[in-house]
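Enquirer: Below you will find the structure I want to go over with you.
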Amino acid sequence: MFEARRESVIAEVRVDDGGVDESVVHERTVADGGVDGAGVLARAGVRSTDLLGGLVAVLVLLHFLAPAVLQQPVVLAWSTVFVAVCLQALPFLVLGVALSAAISTLVPPSFFARALPRRPALAVPVAGMAGVVLPGCECASVPVAGSLVRRGVTPAAALAFLLAAPAINPVVLVATAVAFPGDPEMVAARFLASLGVALVMGWLWTLLGRTEWIQLARLPAAAPGLTRFAGFRAAMTHDLVHAGGFLVVGGAAAATLGVLVPRSWLEQVAASPVLAVLVLAALAVLLAICSEADAFVAASLTSFSLTARLAFLVVGPAVDVKLIALQAGTFGRGFALRFAPVTFGVAVLLASAVGAVLL
Amino acid sequence: MSGRPDRTTQHVLLLLLGVVVLFVAGSDRYLDYVRAGFRPLLLGAGVVVVLLAFSGLRGGRGETHGDAGHGHRGPAVGWLLAAPVAVLLVVAPPALGSYTASRQVAAPVAVPDEPPAAGIGADDPGADHATMTLFSYYVWSQAQDTSALDGRRVRLVGFVSPRAAGGWYVTRFDINCCAADATAIRVAVPGGPAEFEPDDWVEVVGTHVPPQVDPAVGYPEPTIDAASVAAVEAPAEPYE
């Protein structure tokens, strides 16, 4: 264990010496804490494979007992939405962790040093526009942004990419155009406002951000002499188990709120312009709909103004419960607690401003 | 359950997840959760996850630092990968039904300003009625000019959901991506026979009548005057 940890620290220092980025990114080492539940269980002779066996046995038992409480309508509705969110996001998450593992293990760090301008203020717009070419939803962009930071890309640029990629890629823009056939200016408004959020947040980070806020999850240290492919596989497994777990947290939160918040009372607040923007922005956070589908949901909220619906489309891909969970998992809780509220505020302000001019 | 999963456990969790995803995407069950077009994506993701788990389980012994596959503890949150597997195996949730539809009461559905350019289409082969999706019936019914529906018999297929003002609604969910963004499309059947229970799948054949404003709802609801109602099997693809 200690061997492995020292290796990881040395690798990190070597990257810094390479001059890719002056900022030192701290890696979390909590994973090595010995006195936790795992330690207690290990001393008691219980291995996690034993826990897994017990879990599977309980599941099989429940499957055949099928208690009536699990067939209540509210349980069924919650389960359907929960499974739907997880299944829908899984392919994009797998794509995202594969890309991220490839960046972490197969692309040499010097590539990013050459591809991005050295000054963070210039790297931010380049990284933001690079988001146009990743046609995935937000689940894919979180692990990719994490591995960019790990590769020494300045966090400001990685964050601009994180916010831009799910919001302004061609798939999302086409979906928006299809969902709002009568309002083509909605596409331009969404593109401008979302790109604006990405750039503002990136530049804010260069002004105010502290690298110690980012606590990257520790990658399993690659054993010496490991082939590149084995390293890729290990990184991908780690990211998938990690981000997948947080996706499940986000899916459960979205299902809970989606089942508990009836759409009926939302309509009553639609009459007030300011309240409408705030409520739809908050709804985007709570529902955590994939950025490729949110335009259709926004289109169906006909009693709200176009500006309020633009706020829904700009906030959703930038900050929602599923994303907060994924970001907390990838960048650490301290980061997510600071980043999410500021992003929410910037997104609401920019969406209102762009909506006032264009819509 | 605070122990962090070791390497073997992580791979078994991934294997369970991948196998369940392949099982769901390989049958029609995935249609209860996501759009039909998602099938290749789900199959691809399932295959990648299963291969990753298999190669990890097989090759794991050679890569560890000699502690027999129990080193490299993963994040504790990884245990949650078992949650979707558990829900699919134990609850096996069906497609959304009347419970969710009844909770969406006051949201009228967005309809395009212009009705579709062509008529509602020819009658079904060998029948004296034309099958329409609930959404297209909804759009036509709210159009300025509903003459295309005059004198036509229409067939609608959906499930029953309760209606306060009498009869019931024939209902179908529209989804764009997955069941999380489902919007209920409901057409009132004021004369719907009482023997049908909520969530029964029915086919309603009838004629168009102008939308009625139900005081309990507050906006004009598309309505059909049912000539016949028959029970049908739930379709494989429950959403429109």
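So you can find residues: chains in the structure tokens are A, B, ... in the order shown, residues in each start at 1, and ligands are numbered from 1 in order.
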For chain A, work out the contacting residues on chain B at 7 Å, counting only C-alpha atoms, and write them as a ChimeraX atom specification.
Expert: /B:2-6,9-10,33-34,41-42,45,63,72,74-75,77-81,84,86-87,89-91,93-96,99-100,103-107,109-110,176-181
Enquirer: Take the residues from that selection and put them in a file with N, CA and C atoms, as a tab-separated table (two decimals), in the first residue's frame.
Expert:
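What landed in result02.tsv:
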```
chain	number	residue	atom	x	y	z
B	2	SER	N	-20.03	-0.55	4.93
B	2	SER	CA	-19.07	0.54	4.78
B	2	SER	C	-17.74	0.05	4.21
B	3	GLY	N	-17.61	-1.23	3.99
B	3	GLY	CA	-16.35	-1.72	3.44
B	3	GLY	C	-16.17	-1.28	2.01
B	4	ARG	N	-14.93	-0.96	1.65
B	4	ARG	CA	-14.70	-0.56	0.27
B	4	ARG	C	-14.49	-1.82	-0.57
B	5	PRO	N	-15.11	-1.88	-1.76
B	5	PRO	CA	-15.03	-3.11	-2.55
B	5	PRO	C	-13.61	-3.37	-3.03
B	6	ASP	N	-13.13	-4.59	-2.87
B	6	ASP	CA	-11.80	-4.90	-3.38
B	6	ASP	C	-11.89	-5.17	-4.89
B	9	THR	N	-14.38	-7.78	-6.09
B	9	THR	CA	-15.76	-7.34	-5.91
B	9	THR	C	-16.14	-6.29	-6.96
B	10	GLN	N	-15.22	-5.35	-7.24
B	10	GLN	CA	-15.52	-4.34	-8.25
B	10	GLN	C	-15.85	-4.99	-9.59
B	33	TYR	N	-38.21	1.82	-20.36
B	33	TYR	CA	-37.39	2.84	-19.70
B	33	TYR	C	-36.84	3.88	-20.67
B	34	VAL	N	-36.42	3.46	-21.85
B	34	VAL	CA	-35.80	4.39	-22.79
B	34	VAL	C	-36.39	4.20	-24.18
B	41	LEU	N	-26.96	1.45	-28.27
B	41	LEU	CA	-26.09	2.08	-27.26
B	41	LEU	C	-26.02	1.22	-26.01
B	42	LEU	N	-27.19	0.72	-25.58
B	42	LEU	CA	-27.21	-0.11	-24.36
B	42	LEU	C	-26.45	-1.40	-24.57
B	45	ALA	N	-22.73	-0.61	-24.56
B	45	ALA	CA	-22.24	-0.33	-23.22
B	45	ALA	C	-22.17	-1.61	-22.40
B	63	GLU	N	-1.57	-8.76	-11.90
B	63	GLU	CA	-1.25	-7.35	-11.78
B	63	GLU	C	-1.18	-6.83	-10.35
B	72	HIS	N	-5.95	-2.92	-3.86
B	72	HIS	CA	-6.62	-1.95	-4.73
B	72	HIS	C	-8.08	-1.79	-4.39
B	74	GLY	N	-11.50	-0.26	-4.12
B	74	GLY	CA	-12.11	0.81	-4.89
B	74	GLY	C	-12.88	1.73	-3.98
B	75	PRO	N	-13.50	2.77	-4.56
B	75	PRO	CA	-14.29	3.69	-3.75
B	75	PRO	C	-15.54	3.01	-3.19
B	77	VAL	N	-18.39	4.15	-2.82
B	77	VAL	CA	-19.60	4.48	-3.58
B	77	VAL	C	-19.85	3.45	-4.68
B	78	GLY	N	-18.81	2.69	-5.04
B	78	GLY	CA	-18.94	1.67	-6.07
B	78	GLY	C	-19.97	0.60	-5.73
B	79	TRP	N	-20.19	0.38	-4.42
B	79	TRP	CA	-21.21	-0.59	-4.01
B	79	TRP	C	-22.57	-0.25	-4.63
B	80	LEU	N	-22.79	1.05	-4.86
B	80	LEU	CA	-24.11	1.47	-5.37
B	80	LEU	C	-24.38	0.96	-6.77
B	81	LEU	N	-23.33	0.48	-7.48
B	81	LEU	CA	-23.59	-0.12	-8.79
B	81	LEU	C	-24.57	-1.28	-8.66
B	84	PRO	N	-29.05	-0.35	-9.23
B	84	PRO	CA	-29.92	-0.56	-10.40
B	84	PRO	C	-30.14	-2.05	-10.68
B	86	ALA	N	-30.28	-4.40	-8.41
B	86	ALA	CA	-31.25	-4.85	-7.42
B	86	ALA	C	-32.66	-4.42	-7.81
B	87	VAL	N	-32.81	-3.16	-8.21
B	87	VAL	CA	-34.15	-2.66	-8.56
B	87	VAL	C	-34.70	-3.43	-9.77
B	89	LEU	N	-33.94	-6.47	-10.70
B	89	LEU	CA	-34.21	-7.88	-10.38
B	89	LEU	C	-35.38	-8.03	-9.42
B	90	VAL	N	-35.45	-7.17	-8.42
B	90	VAL	CA	-36.42	-7.37	-7.34
B	90	VAL	C	-37.73	-6.65	-7.62
B	91	VAL	N	-37.66	-5.35	-7.99
B	91	VAL	CA	-38.89	-4.60	-8.23
B	91	VAL	C	-39.39	-4.86	-9.65
B	93	PRO	N	-39.58	-2.86	-12.33
B	93	PRO	CA	-40.63	-1.87	-12.55
B	93	PRO	C	-41.18	-1.90	-13.97
B	94	PRO	N	-42.52	-1.83	-14.12
B	94	PRO	CA	-43.12	-1.76	-15.45
B	94	PRO	C	-43.04	-0.34	-15.99
B	95	ALA	N	-43.57	-0.12	-17.20
B	95	ALA	CA	-43.61	1.22	-17.76
B	95	ALA	C	-44.47	2.11	-16.87
B	96	LEU	N	-44.25	3.42	-16.97
B	96	LEU	CA	-45.06	4.37	-16.19
B	96	LEU	C	-46.53	4.19	-16.54
B	99	TYR	N	-50.71	6.10	-12.31
B	99	TYR	CA	-50.29	6.82	-11.10
B	99	TYR	C	-49.53	8.09	-11.49
B	100	THR	N	-48.53	7.93	-12.38
B	100	THR	CA	-47.74	9.08	-12.78
B	100	THR	C	-48.57	10.04	-13.63
B	103	ARG	N	-50.60	12.48	-11.74
B	103	ARG	CA	-49.86	13.53	-11.03
B	103	ARG	C	-49.45	14.66	-11.95
B	104	GLN	N	-49.69	14.52	-13.25
B	104	GLN	CA	-49.28	15.57	-14.19
B	104	GLN	C	-50.47	16.41	-14.63
B	105	VAL	N	-51.56	16.39	-13.83
B	105	VAL	CA	-52.85	16.92	-14.25
B	105	VAL	C	-52.81	18.23	-15.02
B	106	ALA	N	-52.22	19.28	-14.43
B	106	ALA	CA	-52.46	20.62	-14.97
B	106	ALA	C	-51.51	21.04	-16.07
B	107	ALA	N	-50.74	20.14	-16.64
B	107	ALA	CA	-49.79	20.57	-17.66
B	107	ALA	C	-50.32	20.27	-19.05
B	109	VAL	N	-50.24	19.98	-23.02
B	109	VAL	CA	-49.11	19.59	-23.84
B	109	VAL	C	-48.88	20.64	-24.92
B	110	ALA	N	-47.59	20.89	-25.21
B	110	ALA	CA	-47.27	21.86	-26.27
B	110	ALA	C	-47.70	21.29	-27.61
B	176	ASN	N	-38.98	11.50	-24.92
B	176	ASN	CA	-38.02	11.94	-25.91
B	176	ASN	C	-36.70	11.23	-25.75
B	177	CYS	N	-36.39	10.81	-24.55
B	177	CYS	CA	-35.09	10.21	-24.29
B	177	CYS	C	-35.30	9.03	-23.34
B	178	CYS	N	-35.84	9.29	-22.16
B	178	CYS	CA	-36.10	8.21	-21.22
B	178	CYS	C	-37.33	8.54	-20.39
B	179	ALA	N	-37.73	7.61	-19.53
B	179	ALA	CA	-38.98	7.78	-18.78
B	179	ALA	C	-38.92	8.97	-17.82
B	180	ALA	N	-37.72	9.52	-17.57
B	180	ALA	CA	-37.64	10.68	-16.67
B	180	ALA	C	-38.25	11.91	-17.31
B	181	ASP	N	-38.32	11.96	-18.65
B	181	ASP	CA	-38.89	13.14	-19.28
B	181	ASP	C	-40.28	12.86	-19.86
```
Enquirer: For segment 196-198 of chain A, please output as a VMD selection string all residues within 6 Å (counting only C-alpha atoms; exclusion window: fewer than 4 positions along the same chain).
Expert: chain A and resid 160 163 to 164 192 347
Enquirer: Just C-alpha atoms for this one: save the residues we selected as a JSON list (two decimals), in the first residue's frame.
Expert:
```json
[["chain", "number", "residue", "atom", "x", "y", "z"],
["A", 160, "ALA", "CA", -14.64, 25.59, -19.42],
["A", 163, "LEU", "CA", -19.43, 23.26, -18.92],
["A", 164, "ALA", "CA", -19.34, 23.78, -22.69],
["A", 192, "LEU", "CA", -24.42, 31.93, -26.67],
["A", 347, "ALA", "CA", -26.08, 30.57, -15.61]]
```
Enquirer: Please give the complete set of residues from segment 198-326 of chain A that DSSP, run on the backbone, assigns to alpha helix (DSSP H), formatted as a ChimeraX atom specification.
Expert: /A:198-208,228-260,264-269,273-287,294-300,306-318,321-326
Enquirer: Selected residues, C-alpha atoms, written as a PDB file, in the first residue's frame, please.
Expert:
```pdb
ATOM      1  CA  ALA A 198     -18.334  28.189 -19.657  1.00  0.00           C
ATOM      2  CA  LEU A 199     -16.052  31.153 -20.426  1.00  0.00           C
ATOM      3  CA  VAL A 200     -17.124  33.234 -17.415  1.00  0.00           C
ATOM      4  CA  MET A 201     -16.621  30.286 -15.063  1.00  0.00           C
ATOM      5  CA  GLY A 202     -13.223  29.501 -16.606  1.00  0.00           C
ATOM      6  CA  TRP A 203     -12.035  33.100 -16.261  1.00  0.00           C
ATOM      7  CA  LEU A 204     -13.508  33.363 -12.741  1.00  0.00           C
ATOM      8  CA  TRP A 205     -11.392  30.340 -11.850  1.00  0.00           C
ATOM      9  CA  THR A 206      -8.204  31.994 -13.157  1.00  0.00           C
ATOM     10  CA  LEU A 207      -9.004  35.038 -10.975  1.00  0.00           C
ATOM     11  CA  LEU A 208     -10.335  33.419  -7.797  1.00  0.00           C
ATOM     12  CA  ARG A 228      -0.220   0.428 -21.625  1.00  0.00           C
ATOM     13  CA  PHE A 229      -3.380  -1.537 -22.255  1.00  0.00           C
ATOM     14  CA  ALA A 230      -3.457  -2.941 -18.723  1.00  0.00           C
ATOM     15  CA  GLY A 231      -3.007   0.594 -17.392  1.00  0.00           C
ATOM     16  CA  PHE A 232      -5.852   1.785 -19.596  1.00  0.00           C
ATOM     17  CA  ARG A 233      -8.047  -1.060 -18.314  1.00  0.00           C
ATOM     18  CA  ALA A 234      -7.249  -0.345 -14.678  1.00  0.00           C
ATOM     19  CA  ALA A 235      -7.960   3.384 -15.091  1.00  0.00           C
ATOM     20  CA  MET A 236     -11.223   2.657 -16.884  1.00  0.00           C
ATOM     21  CA  THR A 237     -12.396   0.175 -14.241  1.00  0.00           C
ATOM     22  CA  HIS A 238     -11.611   2.617 -11.460  1.00  0.00           C
ATOM     23  CA  ASP A 239     -13.405   5.531 -13.167  1.00  0.00           C
ATOM     24  CA  LEU A 240     -16.408   3.412 -14.102  1.00  0.00           C
ATOM     25  CA  VAL A 241     -16.904   2.020 -10.581  1.00  0.00           C
ATOM     26  CA  HIS A 242     -16.391   5.486  -9.130  1.00  0.00           C
ATOM     27  CA  ALA A 243     -18.426   7.657 -11.530  1.00  0.00           C
ATOM     28  CA  GLY A 244     -21.022   4.889 -11.916  1.00  0.00           C
ATOM     29  CA  GLY A 245     -21.624   4.910  -8.164  1.00  0.00           C
ATOM     30  CA  PHE A 246     -22.164   8.664  -8.217  1.00  0.00           C
ATOM     31  CA  LEU A 247     -24.419   8.374 -11.253  1.00  0.00           C
ATOM     32  CA  VAL A 248     -26.606   6.042  -9.179  1.00  0.00           C
ATOM     33  CA  VAL A 249     -26.757   8.662  -6.396  1.00  0.00           C
ATOM     34  CA  GLY A 250     -27.806  11.304  -8.915  1.00  0.00           C
ATOM     35  CA  GLY A 251     -30.352   9.000 -10.568  1.00  0.00           C
ATOM     36  CA  ALA A 252     -31.931   8.239  -7.203  1.00  0.00           C
ATOM     37  CA  ALA A 253     -32.105  11.956  -6.344  1.00  0.00           C
ATOM     38  CA  ALA A 254     -33.654  12.809  -9.713  1.00  0.00           C
ATOM     39  CA  ALA A 255     -36.203   9.990  -9.409  1.00  0.00           C
ATOM     40  CA  THR A 256     -37.143  11.042  -5.873  1.00  0.00           C
ATOM     41  CA  LEU A 257     -37.689  14.667  -6.845  1.00  0.00           C
ATOM     42  CA  GLY A 258     -39.376  13.824 -10.128  1.00  0.00           C
ATOM     43  CA  VAL A 259     -41.874  11.563  -8.376  1.00  0.00           C
ATOM     44  CA  LEU A 260     -42.438  13.855  -5.370  1.00  0.00           C
ATOM     45  CA  SER A 264     -49.204  21.030 -11.281  1.00  0.00           C
ATOM     46  CA  TRP A 265     -47.944  23.583  -8.766  1.00  0.00           C
ATOM     47  CA  LEU A 266     -45.194  24.715 -11.123  1.00  0.00           C
ATOM     48  CA  GLU A 267     -47.809  26.178 -13.416  1.00  0.00           C
ATOM     49  CA  GLN A 268     -49.022  28.553 -10.724  1.00  0.00           C
ATOM     50  CA  VAL A 269     -45.675  30.333 -10.500  1.00  0.00           C
ATOM     51  CA  PRO A 273     -41.537  36.563 -14.925  1.00  0.00           C
ATOM     52  CA  VAL A 274     -38.801  36.602 -12.274  1.00  0.00           C
ATOM     53  CA  LEU A 275     -40.203  33.715 -10.290  1.00  0.00           C
ATOM     54  CA  ALA A 276     -40.690  31.718 -13.499  1.00  0.00           C
ATOM     55  CA  VAL A 277     -36.973  31.991 -14.373  1.00  0.00           C
ATOM     56  CA  LEU A 278     -35.886  30.995 -10.870  1.00  0.00           C
ATOM     57  CA  VAL A 279     -38.323  28.104 -10.600  1.00  0.00           C
ATOM     58  CA  LEU A 280     -37.410  26.599 -13.979  1.00  0.00           C
ATOM     59  CA  ALA A 281     -33.705  27.023 -13.175  1.00  0.00           C
ATOM     60  CA  ALA A 282     -34.251  25.201  -9.875  1.00  0.00           C
ATOM     61  CA  LEU A 283     -36.307  22.545 -11.663  1.00  0.00           C
ATOM     62  CA  ALA A 284     -33.423  21.951 -14.090  1.00  0.00           C
ATOM     63  CA  VAL A 285     -31.178  21.256 -11.090  1.00  0.00           C
ATOM     64  CA  LEU A 286     -33.667  18.870  -9.489  1.00  0.00           C
ATOM     65  CA  LEU A 287     -34.846  16.891 -12.529  1.00  0.00           C
ATOM     66  CA  ASP A 294     -34.015  18.646 -21.922  1.00  0.00           C
ATOM     67  CA  ALA A 295     -35.087  20.766 -24.894  1.00  0.00           C
ATOM     68  CA  PHE A 296     -38.162  18.586 -25.384  1.00  0.00           C
ATOM     69  CA  VAL A 297     -39.144  18.909 -21.754  1.00  0.00           C
ATOM     70  CA  ALA A 298     -38.597  22.679 -21.910  1.00  0.00           C
ATOM     71  CA  ALA A 299     -40.756  22.850 -25.032  1.00  0.00           C
ATOM     72  CA  SER A 300     -43.610  21.147 -23.193  1.00  0.00           C
ATOM     73  CA  LEU A 306     -39.140  31.612 -23.501  1.00  0.00           C
ATOM     74  CA  THR A 307     -36.554  33.272 -21.241  1.00  0.00           C
ATOM     75  CA  ALA A 308     -37.546  31.043 -18.324  1.00  0.00           C
ATOM     76  CA  ARG A 309     -37.242  28.000 -20.583  1.00  0.00           C
ATOM     77  CA  LEU A 310     -33.842  29.228 -21.794  1.00  0.00           C
ATOM     78  CA  ALA A 311     -32.731  29.361 -18.146  1.00  0.00           C
ATOM     79  CA  PHE A 312     -33.877  25.725 -17.830  1.00  0.00           C
ATOM     80  CA  LEU A 313     -31.727  24.772 -20.854  1.00  0.00           C
ATOM     81  CA  VAL A 314     -28.650  26.719 -19.738  1.00  0.00           C
ATOM     82  CA  VAL A 315     -28.683  25.638 -16.081  1.00  0.00           C
ATOM     83  CA  GLY A 316     -29.485  21.946 -16.685  1.00  0.00           C
ATOM     84  CA  PRO A 317     -26.277  20.844 -18.481  1.00  0.00           C
ATOM     85  CA  ALA A 318     -24.129  23.013 -16.172  1.00  0.00           C
ATOM     86  CA  VAL A 321     -28.140  16.933  -8.778  1.00  0.00           C
ATOM     87  CA  LYS A 322     -26.600  14.127 -10.834  1.00  0.00           C
ATOM     88  CA  LEU A 323     -23.739  16.398 -11.987  1.00  0.00           C
ATOM     89  CA  ILE A 324     -23.084  17.688  -8.459  1.00  0.00           C
ATOM     90  CA  ALA A 325     -22.738  14.070  -7.296  1.00  0.00           C
ATOM     91  CA  LEU A 326     -20.429  13.219 -10.219  1.00  0.00           C
TER      92      LEU A 326
END
```
Enquirer: Write out as number ranges by chain which residues come within 7 Å of segment 109-122 of chain A when counting only C-alpha atoms, dropping same-chain ones fewer than 3 positions away.
Expert: A: 20, 125-126, 151, 153-154, 156-157, 203, 206
Enquirer: Fewer than 4 positions away in the same chain doesn't count, so skip those; otherwise give me all residues within 8 Å of Asp128 of chain B, counting only C-alpha atoms, as a list of chain:residue names.
Expert: B:Asp123, B:Asp124, B:Arg153
Enquirer: Find the spatial neighbours of Ala227 of chain B, counting only C-alpha atoms, within a cut-off of 8 Å - ignore same-chain residues fewer than 4 positions away - and output them as an MDAnalysis selection string.
Expert: chainID B and resid 204:207
Enquirer: Write the residues you've just listed into a file as a PDB file, in the first residue's frame, and include N, CA and C atoms for each of them.
Expert:
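File written: part_29.pdb
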```pdb
ATOM      1  N   VAL B 204     -59.828   2.408 -28.278  1.00  0.00           N
ATOM      2  CA  VAL B 204     -61.066   3.176 -28.341  1.00  0.00           C
ATOM      3  C   VAL B 204     -61.295   3.553 -29.798  1.00  0.00           C
ATOM      4  N   VAL B 205     -62.454   3.164 -30.351  1.00  0.00           N
ATOM      5  CA  VAL B 205     -62.812   3.598 -31.709  1.00  0.00           C
ATOM      6  C   VAL B 205     -63.988   4.558 -31.565  1.00  0.00           C
ATOM      7  N   GLY B 206     -63.865   5.725 -32.175  1.00  0.00           N
ATOM      8  CA  GLY B 206     -64.938   6.708 -32.010  1.00  0.00           C
ATOM      9  C   GLY B 206     -64.760   7.877 -32.946  1.00  0.00           C
ATOM     10  N   THR B 207     -65.534   8.930 -32.683  1.00  0.00           N
ATOM     11  CA  THR B 207     -65.484  10.109 -33.537  1.00  0.00           C
ATOM     12  C   THR B 207     -65.084  11.320 -32.708  1.00  0.00           C
TER      13      THR B 207
END
```
